[in-house]
file start_2.csv (CSV, C-alpha atoms (C1' of nucleotides))
chain,number,residue,atom,x,y,z
A,1,MET,CA,0.0,0.0,0.0
A,2,VAL,CA,1.3,3.4,-1.0
A,3,THR,CA,1.5,6.6,1.0
A,4,HIS,CA,0.0,10.0,0.1
A,5,ALA,CA,3.5,11.4,-0.4
A,6,GLU,CA,4.2,8.6,-2.9
A,7,LEU,CA,1.0,9.4,-4.8
A,8,MET,CA,2.0,13.0,-5.0
A,9,ASN,CA,5.3,11.8,-6.3
A,10,ILE,CA,3.5,10.0,-9.1
A,11,SER,CA,1.5,13.2,-9.9
A,12,ALA,CA,4.7,15.3,-10.0
A,13,GLY,CA,6.5,12.7,-12.1
A,14,TRP,CA,3.7,12.5,-14.6
A,15,ILE,CA,3.7,16.3,-15.0
A,16,ARG,CA,7.5,16.3,-15.5
A,17,VAL,CA,7.0,13.6,-18.2
A,18,LEU,CA,4.4,15.6,-20.0
A,19,ASN,CA,6.5,18.7,-19.9
A,20,ILE,CA,9.6,17.0,-21.3
A,21,MET,CA,7.6,15.3,-24.0
A,22,ASN,CA,6.2,18.7,-24.9
A,23,GLU,CA,9.6,20.2,-25.1
A,24,LEU,CA,10.9,17.3,-27.1
A,25,GLU,CA,8.2,17.7,-29.7
A,26,SER,CA,8.6,21.4,-30.0
A,27,SER,CA,11.8,21.4,-32.1
A,28,PRO,CA,11.9,20.1,-35.6
A,29,ARG,CA,14.0,17.1,-36.6
A,30,ASP,CA,15.7,15.7,-39.7
A,31,PHE,CA,14.5,12.2,-40.5
A,32,GLY,CA,16.9,11.5,-43.3
A,33,THR,CA,15.8,13.9,-46.1
A,34,GLY,CA,17.6,17.0,-45.2
A,35,ASP,CA,14.3,18.8,-44.2
A,36,LEU,CA,13.6,19.8,-40.7
A,37,LEU,CA,10.2,18.4,-40.0
A,38,HIS,CA,8.0,19.6,-37.2
A,39,CYS,CA,6.1,17.1,-35.0
A,40,SER,CA,2.8,17.7,-36.7
A,41,GLU,CA,4.4,17.4,-40.1
A,42,ILE,CA,6.1,14.0,-39.4
A,43,HIS,CA,2.9,12.9,-37.7
A,44,THR,CA,0.9,13.6,-40.9
A,45,LEU,CA,3.5,11.8,-43.0
A,46,MET,CA,3.2,8.8,-40.7
A,47,VAL,CA,-0.6,8.6,-41.1
A,48,ILE,CA,-0.4,9.0,-44.9
A,49,GLY,CA,2.3,6.3,-45.0
A,50,LYS,CA,0.2,3.9,-43.0
A,51,ASN,CA,-3.0,4.7,-44.9
A,52,PRO,CA,-2.0,4.8,-48.6
A,53,ASP,CA,-4.2,6.7,-50.9
A,54,VAL,CA,-6.2,8.3,-48.1
A,55,ASN,CA,-8.2,11.4,-48.9
A,56,VAL,CA,-8.3,14.7,-47.2
A,57,THR,CA,-11.5,14.1,-45.2
A,58,ASN,CA,-10.4,10.7,-43.9
A,59,LEU,CA,-6.9,12.0,-43.0
A,60,ALA,CA,-8.5,14.8,-41.0
A,61,THR,CA,-10.6,12.2,-39.1
A,62,LEU,CA,-7.6,10.0,-38.5
A,63,LEU,CA,-5.5,12.9,-37.2
A,64,GLY,CA,-8.4,14.5,-35.3
A,65,ILE,CA,-8.1,18.0,-36.8
A,66,SER,CA,-10.0,20.0,-39.3
A,67,LYS,CA,-10.0,19.4,-43.1
A,68,SER,CA,-8.7,23.0,-43.4
A,69,ALA,CA,-5.7,22.3,-41.2
A,70,ILE,CA,-4.9,19.2,-43.3
A,71,SER,CA,-5.2,21.1,-46.5
A,72,GLN,CA,-2.7,23.6,-45.3
A,73,MET,CA,-0.4,21.0,-43.9
A,74,ILE,CA,-0.5,19.1,-47.3
A,75,THR,CA,0.4,22.3,-49.2
A,76,ARG,CA,3.4,22.7,-46.9
A,77,LEU,CA,4.5,19.0,-47.2
A,78,ALA,CA,3.9,19.1,-51.0
A,79,ARG,CA,6.1,22.2,-51.3
A,80,LYS,CA,8.8,20.3,-49.5
A,81,GLY,CA,8.4,17.4,-51.9
A,82,LEU,CA,7.4,14.8,-49.3
A,83,VAL,CA,3.7,14.3,-50.3
A,84,GLU,CA,1.7,14.4,-53.5
A,85,ARG,CA,-1.9,15.2,-54.2
A,86,TYR,CA,-3.6,13.3,-57.0
A,87,LYS,CA,-7.1,12.5,-58.4
A,88,CYS,CA,-8.5,9.0,-59.1
A,89,PRO,CA,-9.9,8.7,-62.7
A,90,GLU,CA,-13.3,7.5,-61.4
A,91,ASN,CA,-13.8,10.4,-59.0
A,92,GLU,CA,-13.3,14.1,-59.6
A,93,LYS,CA,-13.9,15.6,-56.2
A,94,GLU,CA,-11.7,13.6,-53.9
A,95,THR,CA,-8.0,14.5,-53.5
A,96,LYS,CA,-6.0,11.5,-52.6
A,97,LEU,CA,-2.6,11.6,-51.0
A,98,CYS,CA,0.6,9.6,-51.2
A,99,LEU,CA,4.2,9.8,-50.1
A,100,THR,CA,6.9,10.7,-52.6
A,101,PRO,CA,10.2,8.7,-52.5
A,102,ARG,CA,11.6,11.4,-50.2
A,103,GLY,CA,8.5,11.3,-48.1
A,104,THR,CA,9.0,7.5,-47.7
A,105,ILE,CA,12.5,8.1,-46.6
A,106,ALA,CA,11.3,10.4,-43.8
A,107,PHE,CA,8.6,7.9,-42.9
A,108,LEU,CA,11.1,5.1,-42.5
A,109,GLY,CA,13.5,7.4,-40.7
A,110,HIS,CA,10.8,8.2,-38.2
A,111,GLU,CA,9.9,4.6,-37.7
A,112,GLN,CA,13.6,3.8,-37.0
A,113,HIS,CA,13.8,6.8,-34.7
A,114,HIS,CA,10.9,5.5,-32.7
A,115,ALA,CA,12.4,2.0,-32.6
A,116,ILE,CA,15.7,3.5,-31.2
A,117,ILE,CA,13.8,5.5,-28.6
A,118,PHE,CA,11.9,2.5,-27.5
A,119,THR,CA,14.9,0.3,-27.3
A,120,ARG,CA,16.7,2.8,-25.2
A,121,MET,CA,13.8,3.0,-22.9
A,122,GLN,CA,13.7,-0.7,-22.5
A,123,GLU,CA,17.4,-0.8,-21.7
A,124,LYS,CA,16.8,1.7,-18.9
A,125,LEU,CA,13.7,-0.1,-17.6
A,126,GLY,CA,15.2,-3.6,-17.8
A,127,ILE,CA,13.1,-6.7,-18.5
A,128,MET,CA,9.4,-6.3,-17.9
A,129,THR,CA,7.3,-9.0,-16.3
A,130,THR,CA,3.8,-9.8,-17.6
A,131,GLU,CA,2.4,-8.4,-14.4
A,132,GLN,CA,4.2,-5.1,-14.9
A,133,TYR,CA,3.1,-5.0,-18.5
A,134,GLU,CA,-0.5,-5.5,-17.5
A,135,PHE,CA,-0.2,-2.9,-14.8
A,136,LEU,CA,1.2,-0.3,-17.2
A,137,ILE,CA,-1.6,-0.9,-19.7
A,138,ARG,CA,-4.1,-0.4,-16.9
A,139,VAL,CA,-2.4,2.9,-15.9
A,140,PHE,CA,-2.6,4.1,-19.5
A,141,HIS,CA,-6.3,3.2,-19.7
A,142,ALA,CA,-7.0,4.9,-16.4
A,143,ILE,CA,-5.3,8.1,-17.7
A,144,GLU,CA,-7.1,7.9,-20.9
A,145,GLU,CA,-10.6,7.3,-19.4
A,146,THR,CA,-10.2,10.0,-16.8
A,147,ALA,CA,-9.0,12.5,-19.4
A,148,LYS,CA,-12.0,11.6,-21.6
A,149,GLU,CA,-14.4,12.2,-18.7
A,150,PHE,CA,-13.0,15.6,-18.0
A,151,LYS,CA,-13.0,16.4,-21.7
A,152,ASP,CA,-16.7,15.7,-21.9
A,153,SER,CA,-17.7,17.3,-18.6
A,154,GLN,CA,-16.2,20.8,-19.2
A,155,GLY,CA,-14.5,21.2,-22.5
B,1,MET,CA,8.7,-11.8,-20.0
B,2,VAL,CA,6.8,-9.6,-22.5
B,3,THR,CA,6.3,-10.2,-26.2
B,4,HIS,CA,7.2,-7.8,-29.0
B,5,ALA,CA,3.4,-7.3,-29.8
B,6,GLU,CA,2.9,-6.3,-26.2
B,7,LEU,CA,5.7,-3.8,-26.4
B,8,MET,CA,4.1,-2.3,-29.5
B,9,ASN,CA,0.9,-2.1,-27.5
B,10,ILE,CA,2.7,0.0,-24.8
B,11,SER,CA,4.1,2.3,-27.5
B,12,ALA,CA,0.6,2.7,-29.1
B,13,GLY,CA,-1.0,3.2,-25.7
B,14,TRP,CA,1.6,5.8,-24.8
B,15,ILE,CA,0.9,7.8,-28.0
B,16,ARG,CA,-2.8,7.6,-27.4
B,17,VAL,CA,-2.3,9.0,-23.9
B,18,LEU,CA,-0.1,11.8,-25.2
B,19,ASN,CA,-2.8,12.7,-27.8
B,20,ILE,CA,-5.6,12.8,-25.4
B,21,MET,CA,-3.7,14.9,-22.9
B,22,ASN,CA,-2.9,17.3,-25.7
B,23,GLU,CA,-6.6,17.5,-26.6
B,24,LEU,CA,-7.6,17.9,-23.0
B,25,GLU,CA,-5.2,20.8,-22.7
B,26,SER,CA,-6.3,22.6,-25.8
B,27,SER,CA,-9.5,24.0,-24.4
B,28,PRO,CA,-9.6,26.7,-21.8
B,29,ARG,CA,-11.2,26.1,-18.4
B,30,ASP,CA,-12.8,28.1,-15.6
B,31,PHE,CA,-11.0,27.5,-12.2
B,32,GLY,CA,-13.5,29.4,-10.1
B,33,THR,CA,-13.0,33.1,-11.2
B,34,GLY,CA,-15.3,33.2,-14.2
B,35,ASP,CA,-12.3,33.5,-16.6
B,36,LEU,CA,-11.6,30.8,-19.1
B,37,LEU,CA,-7.9,30.1,-18.7
B,38,HIS,CA,-5.8,28.4,-21.2
B,39,CYS,CA,-3.4,25.7,-20.1
B,40,SER,CA,-0.3,28.0,-20.5
B,41,GLU,CA,-2.1,30.7,-18.4
B,42,ILE,CA,-3.0,28.5,-15.5
B,43,HIS,CA,0.4,26.9,-15.7
B,44,THR,CA,2.0,30.3,-15.3
B,45,LEU,CA,-0.3,31.1,-12.4
B,46,MET,CA,0.7,27.9,-10.7
B,47,VAL,CA,4.4,28.7,-10.9
B,48,ILE,CA,3.9,32.2,-9.6
B,49,GLY,CA,1.7,30.8,-6.8
B,50,LYS,CA,4.4,28.4,-5.8
B,51,ASN,CA,7.2,30.9,-6.1
B,52,PRO,CA,5.9,34.1,-4.5
B,53,ASP,CA,7.7,37.3,-5.6
B,54,VAL,CA,9.5,35.6,-8.5
B,55,ASN,CA,10.9,38.0,-11.1
B,56,VAL,CA,10.4,37.7,-14.9
B,57,THR,CA,13.8,36.1,-15.6
B,58,ASN,CA,13.4,33.4,-13.0
B,59,LEU,CA,9.8,32.7,-14.0
B,60,ALA,CA,11.0,32.2,-17.6
B,61,THR,CA,13.6,29.8,-16.4
B,62,LEU,CA,11.1,27.9,-14.2
B,63,LEU,CA,8.7,27.6,-17.1
B,64,GLY,CA,11.4,26.9,-19.7
B,65,ILE,CA,10.3,29.6,-22.1
B,66,SER,CA,11.7,33.0,-23.1
B,67,LYS,CA,11.4,36.2,-21.1
B,68,SER,CA,9.6,37.7,-23.9
B,69,ALA,CA,6.9,35.1,-23.8
B,70,ILE,CA,6.5,35.6,-20.0
B,71,SER,CA,6.3,39.3,-20.4
B,72,GLN,CA,3.4,38.9,-22.9
B,73,MET,CA,1.7,36.2,-20.8
B,74,ILE,CA,1.9,38.5,-17.7
B,75,THR,CA,0.4,41.4,-19.6
B,76,ARG,CA,-2.5,39.1,-20.5
B,77,LEU,CA,-2.9,37.8,-16.9
B,78,ALA,CA,-2.7,41.3,-15.5
B,79,ARG,CA,-5.4,42.5,-17.8
B,80,LYS,CA,-7.6,39.7,-16.5
B,81,GLY,CA,-6.8,40.8,-12.9
B,82,LEU,CA,-5.1,37.5,-11.9
B,83,VAL,CA,-1.5,38.7,-11.5
B,84,GLU,CA,0.2,41.9,-10.5
B,85,ARG,CA,3.6,43.4,-11.4
B,86,TYR,CA,5.4,45.4,-8.8
B,87,LYS,CA,8.8,46.8,-8.0
B,88,CYS,CA,10.8,46.3,-4.8
B,89,PRO,CA,12.0,49.5,-3.2
B,90,GLU,CA,15.6,48.4,-3.2
B,91,ASN,CA,15.8,47.5,-6.8
B,92,GLU,CA,14.5,49.5,-9.8
B,93,LYS,CA,15.1,47.1,-12.6
B,94,GLU,CA,13.5,43.9,-11.5
B,95,THR,CA,9.7,43.3,-12.0
B,96,LYS,CA,8.3,41.0,-9.4
B,97,LEU,CA,5.1,39.1,-9.7
B,98,CYS,CA,2.4,38.0,-7.4
B,99,LEU,CA,-1.2,36.6,-7.5
B,100,THR,CA,-4.1,38.9,-6.9
B,101,PRO,CA,-6.9,37.5,-4.7
B,102,ARG,CA,-8.7,36.3,-7.9
B,103,GLY,CA,-5.4,34.8,-9.1
B,104,THR,CA,-5.3,32.9,-5.8
B,105,ILE,CA,-8.8,31.6,-6.3
B,106,ALA,CA,-7.8,30.2,-9.7
B,107,PHE,CA,-4.6,28.8,-8.2
B,108,LEU,CA,-6.6,26.9,-5.5
B,109,GLY,CA,-9.2,25.9,-8.0
B,110,HIS,CA,-6.6,24.3,-10.2
B,111,GLU,CA,-5.0,22.5,-7.3
B,112,GLN,CA,-8.4,21.1,-6.4
B,113,HIS,CA,-9.1,20.2,-10.0
B,114,HIS,CA,-5.8,18.2,-10.1
B,115,ALA,CA,-6.7,16.5,-6.8
B,116,ILE,CA,-10.1,15.4,-8.3
B,117,ILE,CA,-8.5,14.1,-11.5
B,118,PHE,CA,-6.0,12.2,-9.4
B,119,THR,CA,-8.6,10.7,-7.2
B,120,ARG,CA,-10.6,9.5,-10.1
B,121,MET,CA,-7.6,7.9,-11.6
B,122,GLN,CA,-6.9,6.1,-8.4
B,123,GLU,CA,-10.4,4.8,-8.3
B,124,LYS,CA,-10.0,3.4,-11.8
B,125,LEU,CA,-6.6,1.9,-11.0
B,126,GLY,CA,-7.5,0.4,-7.6
B,127,ILE,CA,-5.1,0.1,-4.8
B,128,MET,CA,-1.5,0.2,-5.8
B,129,THR,CA,1.2,-2.0,-4.2
B,130,THR,CA,4.6,-0.7,-3.3
B,131,GLU,CA,6.1,-2.7,-6.1
B,132,GLN,CA,3.7,-1.2,-8.6
B,133,TYR,CA,4.5,2.3,-7.3
B,134,GLU,CA,8.2,1.7,-7.7
B,135,PHE,CA,7.8,0.3,-11.2
B,136,LEU,CA,5.7,3.3,-12.3
B,137,ILE,CA,8.3,5.7,-10.9
B,138,ARG,CA,11.0,3.8,-12.9
B,139,VAL,CA,8.9,4.0,-16.0
B,140,PHE,CA,8.6,7.8,-15.6
B,141,HIS,CA,12.3,8.1,-15.1
B,142,ALA,CA,13.1,6.0,-18.1
B,143,ILE,CA,10.8,8.1,-20.3
B,144,GLU,CA,12.3,11.3,-18.9
B,145,GLU,CA,15.9,10.3,-19.3
B,146,THR,CA,15.4,8.9,-22.8
B,147,ALA,CA,13.6,12.1,-23.8
B,148,LYS,CA,16.5,14.2,-22.4
B,149,GLU,CA,19.1,12.2,-24.3
B,150,PHE,CA,17.2,12.8,-27.6
B,151,LYS,CA,16.7,16.4,-26.8
B,152,ASP,CA,20.4,16.9,-26.2
B,153,SER,CA,21.5,14.8,-29.2
B,154,GLN,CA,19.5,16.4,-31.9
B,155,GLY,CA,17.4,19.3,-30.8
C,1,DT,C1',32.7,57.5,-15.3
C,2,DT,C1',32.5,55.0,-19.0
C,3,DA,C1',31.8,50.4,-20.7
C,4,DT,C1',29.4,46.2,-19.9
C,5,DA,C1',25.9,43.2,-18.1
C,6,DT,C1',21.3,42.4,-16.6
C,7,DT,C1',16.5,43.0,-16.8
C,8,DG,C1',12.2,43.7,-19.0
C,9,DT,C1',9.3,45.2,-23.0
C,10,DT,C1',7.7,45.5,-27.6
C,11,DA,C1',7.3,44.4,-32.6
C,12,DA,C1',7.4,41.2,-36.2
C,13,DA,C1',7.3,36.7,-37.6
C,14,DC,C1',6.2,31.9,-37.3
C,15,DT,C1',3.6,27.2,-36.3
C,16,DG,C1',-0.5,25.2,-36.1
C,17,DC,C1',-4.8,25.3,-35.4
C,18,DT,C1',-9.9,27.2,-36.0
C,19,DT,C1',-14.2,29.0,-38.3
C,20,DA,C1',-16.5,30.9,-42.2
C,21,DA,C1',-17.0,31.5,-47.0
C,22,DC,C1',-16.5,29.6,-51.1
C,23,DA,C1',-16.1,26.5,-55.4
C,24,DA,C1',-16.4,22.2,-57.5
C,25,DT,C1',-18.3,17.8,-57.9
C,26,DA,C1',-21.8,13.9,-56.6
C,27,DT,C1',-26.1,12.2,-55.1
C,28,DT,C1',-31.0,12.4,-54.3
C,29,DG,C1',-35.8,13.1,-54.7
C,30,DG,C1',-39.6,14.8,-57.2
D,1,DC,C1',-34.0,14.6,-66.1
D,2,DC,C1',-32.9,18.3,-63.3
D,3,DA,C1',-33.0,21.1,-59.3
D,4,DA,C1',-32.0,20.8,-54.4
D,5,DT,C1',-28.8,19.0,-51.3
D,6,DA,C1',-24.7,16.8,-49.6
D,7,DT,C1',-19.9,16.0,-49.9
D,8,DT,C1',-15.2,17.3,-50.7
D,9,DG,C1',-11.5,20.4,-50.7
D,10,DT,C1',-9.4,25.2,-50.6
D,11,DT,C1',-8.7,29.8,-49.1
D,12,DA,C1',-8.8,33.8,-46.1
D,13,DA,C1',-8.8,35.8,-41.7
D,14,DG,C1',-8.0,35.3,-37.0
D,15,DC,C1',-6.2,33.4,-32.6
D,16,DA,C1',-2.8,31.2,-29.0
D,17,DG,C1',1.6,30.9,-28.0
D,18,DT,C1',5.8,30.9,-29.0
D,19,DT,C1',10.5,32.9,-30.9
D,20,DT,C1',14.2,36.4,-32.3
D,21,DA,C1',15.7,41.0,-32.6
D,22,DA,C1',15.8,45.6,-31.3
D,23,DC,C1',15.3,48.5,-27.7
D,24,DA,C1',15.3,51.1,-23.0
D,25,DA,C1',16.3,51.3,-18.4
D,26,DT,C1',19.0,50.1,-14.6
D,27,DA,C1',23.0,48.0,-12.1
D,28,DT,C1',27.8,46.5,-11.9
D,29,DA,C1',32.7,46.5,-13.0
D,30,DA,C1',37.1,48.3,-14.9
call {"tool": "encode", "arguments": {"input": "start_2.csv", "output": "structure tokens"}}
result
Amino acid sequence: MVTHAELMNISAGWIRVLNIMNELESSPRDFGTGDLLHCSEIHTLMVIGKNPDVNVTNLATLLGISKSAISQMITRLARKGLVERYKCPENEKETKLCLTPRGTIAFLGHEQHHAIIFTRMQEKLGIMTTEQYEFLIRVFHAIEETAKEFKDSQG
Amino acid sequence: MVTHAELMNISAGWIRVLNIMNELESSPRDFGTGDLLHCSEIHTLMVIGKNPDVNVTNLATLLGISKSAISQMITRLARKGLVERYKCPENEKETKLCLTPRGTIAFLGHEQHHAIIFTRMQEKLGIMTTEQYEFLIRVFHAIEETAKEFKDSQG
DNA sequence: TTATATTGTTAAACTGCTTAACAATATTGG
DNA sequence: CCAATATTGTTAAGCAGTTTAACAATATAA
């Protein structure tokens, strides 16, 4: 059983973690193409890479932001030569999206980057037991659900 | 011992948690004063509340943002009547900061808000053993340290 | 006492989002 | 079949929150 002070420790630790993740995401990064890509840009590339030939509306839904925001983001990524807009012959109104070869390089670079981060984290953490794994998943769920409640209640 | 798929699960869960926290923080909230305060605003109030009579430069350091950003933020919070700038008699160049009574209400409202969130999370999580507590703290540390490494290496 | 450092403010620019207005294309209902 | 409606995407304007650069005022050091 855990003391109040220890619970406060968790709360403080959690806030520190959120802050540092925020900081980490605030500076752009090169994923192997020579471009410095902001977090939201590489995130968009990832979703396009994992959902080939997605259209603007679906991409907006997948990313949880407005179509307008996507449209602007795609214009930026297309200007950098990482993404291409195209039309299917059977449909004149949809704009579909795909990665260019350079976009694919960034996509793979980012996957690798994630893998490296994750490996390093595992090294620090040591081997995880099944009990620990299950506990961690429960923690994530608890955070998610609590956040959702508060989002609905007063957002 | 945990499988690769389970590790991927953790990674995905972590990203979902970060996304929802981000969403949660994107909409302003009333902490008992009638003002809708954005995340960065209440965060600034918290740091001033916990560091009475802090000056602009130190506040910038504590929050990890530029003095310019603080200056602008303080102007906004002062306009809302939550924070006050003042000068010490012995020093003409420093601007010190304190919460107004209304700022203090928001400060306490936010603390309470955090307490409620944390209680709800505990309810969902159930009673935590000491082993689980220690594991969680280790996870937070691993995340923090890994993030710091990447921040230093290529930021 | 002049040069330098520290402290804070302001202006301009940028990212990344939103809403609103719009244009083009598809679908539907009479 | 065609007019009304829905869907899809783009653009413009605006906001939050940051940065850098230029600046002014004050304090410290040489």
call {"tool": "calpha_fit_and_write", "arguments": {"input": "start_2.csv", "fixed": "chain A", "moving": "chain B", "output": "tab-separated table (two decimals) with C-alpha atoms, in the frame of the given file"}}
result
chain	number	residue	atom	x	y	z
B	1	MET	CA	-0.32	0.07	-0.12
B	2	VAL	CA	0.95	3.52	-1.22
B	3	THR	CA	1.08	6.70	0.82
B	4	HIS	CA	-0.47	10.03	-0.13
B	5	ALA	CA	3.10	11.58	-0.55
B	6	GLU	CA	3.88	8.82	-2.99
B	7	LEU	CA	0.75	9.53	-4.95
B	8	MET	CA	1.74	13.19	-5.15
B	9	ASN	CA	5.10	12.00	-6.41
B	10	ILE	CA	3.35	10.10	-9.30
B	11	SER	CA	1.33	13.22	-10.15
B	12	ALA	CA	4.53	15.40	-10.12
B	13	GLY	CA	6.43	12.80	-12.12
B	14	TRP	CA	3.62	12.59	-14.64
B	15	ILE	CA	3.65	16.39	-15.18
B	16	ARG	CA	7.38	16.39	-15.54
B	17	VAL	CA	7.11	13.70	-18.22
B	18	LEU	CA	4.40	15.63	-20.05
B	19	ASN	CA	6.62	18.78	-20.00
B	20	ILE	CA	9.64	17.12	-21.31
B	21	MET	CA	7.78	15.39	-24.10
B	22	ASN	CA	6.32	18.73	-25.05
B	23	GLU	CA	9.82	20.24	-25.15
B	24	LEU	CA	11.18	17.32	-27.08
B	25	GLU	CA	8.45	17.81	-29.64
B	26	SER	CA	8.91	21.50	-30.08
B	27	SER	CA	12.02	21.33	-32.18
B	28	PRO	CA	12.05	20.08	-35.71
B	29	ARG	CA	14.11	17.04	-36.71
B	30	ASP	CA	15.74	15.57	-39.81
B	31	PHE	CA	14.45	11.97	-40.54
B	32	GLY	CA	16.90	11.25	-43.33
B	33	THR	CA	15.75	13.63	-46.18
B	34	GLY	CA	17.64	16.76	-45.21
B	35	ASP	CA	14.37	18.54	-44.25
B	36	LEU	CA	13.76	19.61	-40.71
B	37	LEU	CA	10.27	18.35	-39.95
B	38	HIS	CA	8.15	19.58	-37.20
B	39	CYS	CA	6.30	17.11	-35.02
B	40	SER	CA	2.88	17.88	-36.69
B	41	GLU	CA	4.52	17.36	-40.16
B	42	ILE	CA	6.06	14.01	-39.44
B	43	HIS	CA	2.92	12.99	-37.63
B	44	THR	CA	0.92	13.72	-40.76
B	45	LEU	CA	3.41	11.81	-42.87
B	46	MET	CA	3.08	8.83	-40.59
B	47	VAL	CA	-0.70	8.72	-40.94
B	48	ILE	CA	-0.54	9.02	-44.69
B	49	GLY	CA	2.15	6.30	-44.76
B	50	LYS	CA	-0.05	4.00	-42.79
B	51	ASN	CA	-3.19	4.80	-44.71
B	52	PRO	CA	-2.17	4.85	-48.37
B	53	ASP	CA	-4.52	6.82	-50.67
B	54	VAL	CA	-6.39	8.45	-47.79
B	55	ASN	CA	-8.42	11.52	-48.77
B	56	VAL	CA	-8.33	14.91	-46.96
B	57	THR	CA	-11.53	14.34	-44.95
B	58	ASN	CA	-10.45	10.99	-43.62
B	59	LEU	CA	-6.93	12.21	-42.85
B	60	ALA	CA	-8.47	15.06	-40.81
B	61	THR	CA	-10.55	12.59	-38.93
B	62	LEU	CA	-7.56	10.26	-38.32
B	63	LEU	CA	-5.51	13.16	-37.03
B	64	GLY	CA	-8.37	14.77	-35.10
B	65	ILE	CA	-7.95	18.20	-36.64
B	66	SER	CA	-9.93	20.22	-39.20
B	67	LYS	CA	-9.84	19.74	-42.95
B	68	SER	CA	-8.62	23.17	-43.29
B	69	ALA	CA	-5.59	22.49	-41.19
B	70	ILE	CA	-4.81	19.33	-43.25
B	71	SER	CA	-5.18	21.19	-46.45
B	72	GLN	CA	-2.57	23.77	-45.28
B	73	MET	CA	-0.27	21.08	-43.84
B	74	ILE	CA	-0.42	19.17	-47.20
B	75	THR	CA	0.42	22.29	-49.16
B	76	ARG	CA	3.48	22.67	-46.93
B	77	LEU	CA	4.49	18.97	-47.28
B	78	ALA	CA	3.97	19.07	-51.01
B	79	ARG	CA	6.18	22.07	-51.36
B	80	LYS	CA	8.89	20.14	-49.54
B	81	GLY	CA	8.38	17.20	-51.97
B	82	LEU	CA	7.29	14.70	-49.26
B	83	VAL	CA	3.63	14.22	-50.22
B	84	GLU	CA	1.63	14.31	-53.40
B	85	ARG	CA	-2.03	15.16	-54.12
B	86	TYR	CA	-3.78	13.31	-56.87
B	87	LYS	CA	-7.22	12.58	-58.20
B	88	CYS	CA	-8.73	9.17	-58.92
B	89	PRO	CA	-10.17	8.80	-62.39
B	90	GLU	CA	-13.56	7.76	-61.10
B	91	ASN	CA	-14.05	10.62	-58.78
B	92	GLU	CA	-13.41	14.34	-59.45
B	93	LYS	CA	-14.00	15.81	-56.06
B	94	GLU	CA	-11.85	13.80	-53.75
B	95	THR	CA	-8.09	14.65	-53.30
B	96	LYS	CA	-6.08	11.62	-52.40
B	97	LEU	CA	-2.70	11.66	-50.81
B	98	CYS	CA	0.38	9.60	-50.98
B	99	LEU	CA	4.10	9.73	-49.96
B	100	THR	CA	6.70	10.59	-52.52
B	101	PRO	CA	9.91	8.51	-52.39
B	102	ARG	CA	11.47	11.21	-50.11
B	103	GLY	CA	8.29	11.15	-47.99
B	104	THR	CA	8.85	7.40	-47.63
B	105	ILE	CA	12.42	7.92	-46.53
B	106	ALA	CA	11.23	10.26	-43.77
B	107	PHE	CA	8.46	7.82	-42.87
B	108	LEU	CA	11.01	4.95	-42.42
B	109	GLY	CA	13.41	7.24	-40.69
B	110	HIS	CA	10.82	8.16	-38.12
B	111	GLU	CA	9.84	4.56	-37.56
B	112	GLN	CA	13.49	3.75	-36.94
B	113	HIS	CA	13.87	6.76	-34.68
B	114	HIS	CA	10.90	5.50	-32.57
B	115	ALA	CA	12.42	2.00	-32.47
B	116	ILE	CA	15.73	3.48	-31.12
B	117	ILE	CA	13.96	5.58	-28.48
B	118	PHE	CA	12.02	2.51	-27.43
B	119	THR	CA	15.05	0.36	-27.19
B	120	ARG	CA	16.84	2.83	-25.06
B	121	MET	CA	13.94	3.05	-22.75
B	122	GLN	CA	13.88	-0.67	-22.39
B	123	GLU	CA	17.52	-0.70	-21.53
B	124	LYS	CA	16.91	1.84	-18.78
B	125	LEU	CA	13.87	-0.05	-17.48
B	126	GLY	CA	15.37	-3.56	-17.61
B	127	ILE	CA	13.38	-6.61	-18.31
B	128	MET	CA	9.71	-6.26	-17.70
B	129	THR	CA	7.56	-9.03	-16.15
B	130	THR	CA	4.14	-9.89	-17.43
B	131	GLU	CA	2.61	-8.41	-14.34
B	132	GLN	CA	4.47	-5.16	-14.85
B	133	TYR	CA	3.34	-5.07	-18.50
B	134	GLU	CA	-0.26	-5.56	-17.50
B	135	PHE	CA	-0.08	-2.90	-14.81
B	136	LEU	CA	1.43	-0.36	-17.24
B	137	ILE	CA	-1.30	-1.10	-19.79
B	138	ARG	CA	-3.92	-0.50	-17.02
B	139	VAL	CA	-2.26	2.72	-16.08
B	140	PHE	CA	-2.45	3.93	-19.72
B	141	HIS	CA	-6.07	2.98	-19.90
B	142	ALA	CA	-6.91	4.72	-16.69
B	143	ILE	CA	-5.21	7.92	-17.86
B	144	GLU	CA	-6.97	7.69	-21.22
B	145	GLU	CA	-10.41	7.05	-19.87
B	146	THR	CA	-10.14	9.73	-17.18
B	147	ALA	CA	-8.94	12.21	-19.81
B	148	LYS	CA	-11.92	11.30	-22.07
B	149	GLU	CA	-14.42	11.79	-19.26
B	150	PHE	CA	-13.03	15.32	-18.58
B	151	LYS	CA	-12.95	16.11	-22.22
B	152	ASP	CA	-16.58	15.16	-22.63
B	153	SER	CA	-17.73	16.84	-19.39
B	154	GLN	CA	-16.31	20.25	-19.88
B	155	GLY	CA	-14.52	20.76	-23.13
call {"tool": "atom_distance", "arguments": {"input": "start_2.csv", "atom1": "atom CA of Glu144 of chain B", "atom2": "atom CA of Gly13 of chain A"}}
result
9.0 Å
call {"tool": "closest_residue", "arguments": {"input": "start_2.csv", "among": "A:Pro52, A:His110, A:Ser40, A:Ser26", "to": "DT19 of chain D", "atoms": "all atoms listed in the file"}}
result
A:Ser26
call {"tool": "interface_residues", "arguments": {"input": "start_2.csv", "of": "chain A", "to": "chain C", "cutoff": "12 Å", "atoms": "all atoms listed in the file", "output": "VMD selection string"}}
result
chain A and resid 26 to 28 37 to 41 64 to 73 76 90 to 95
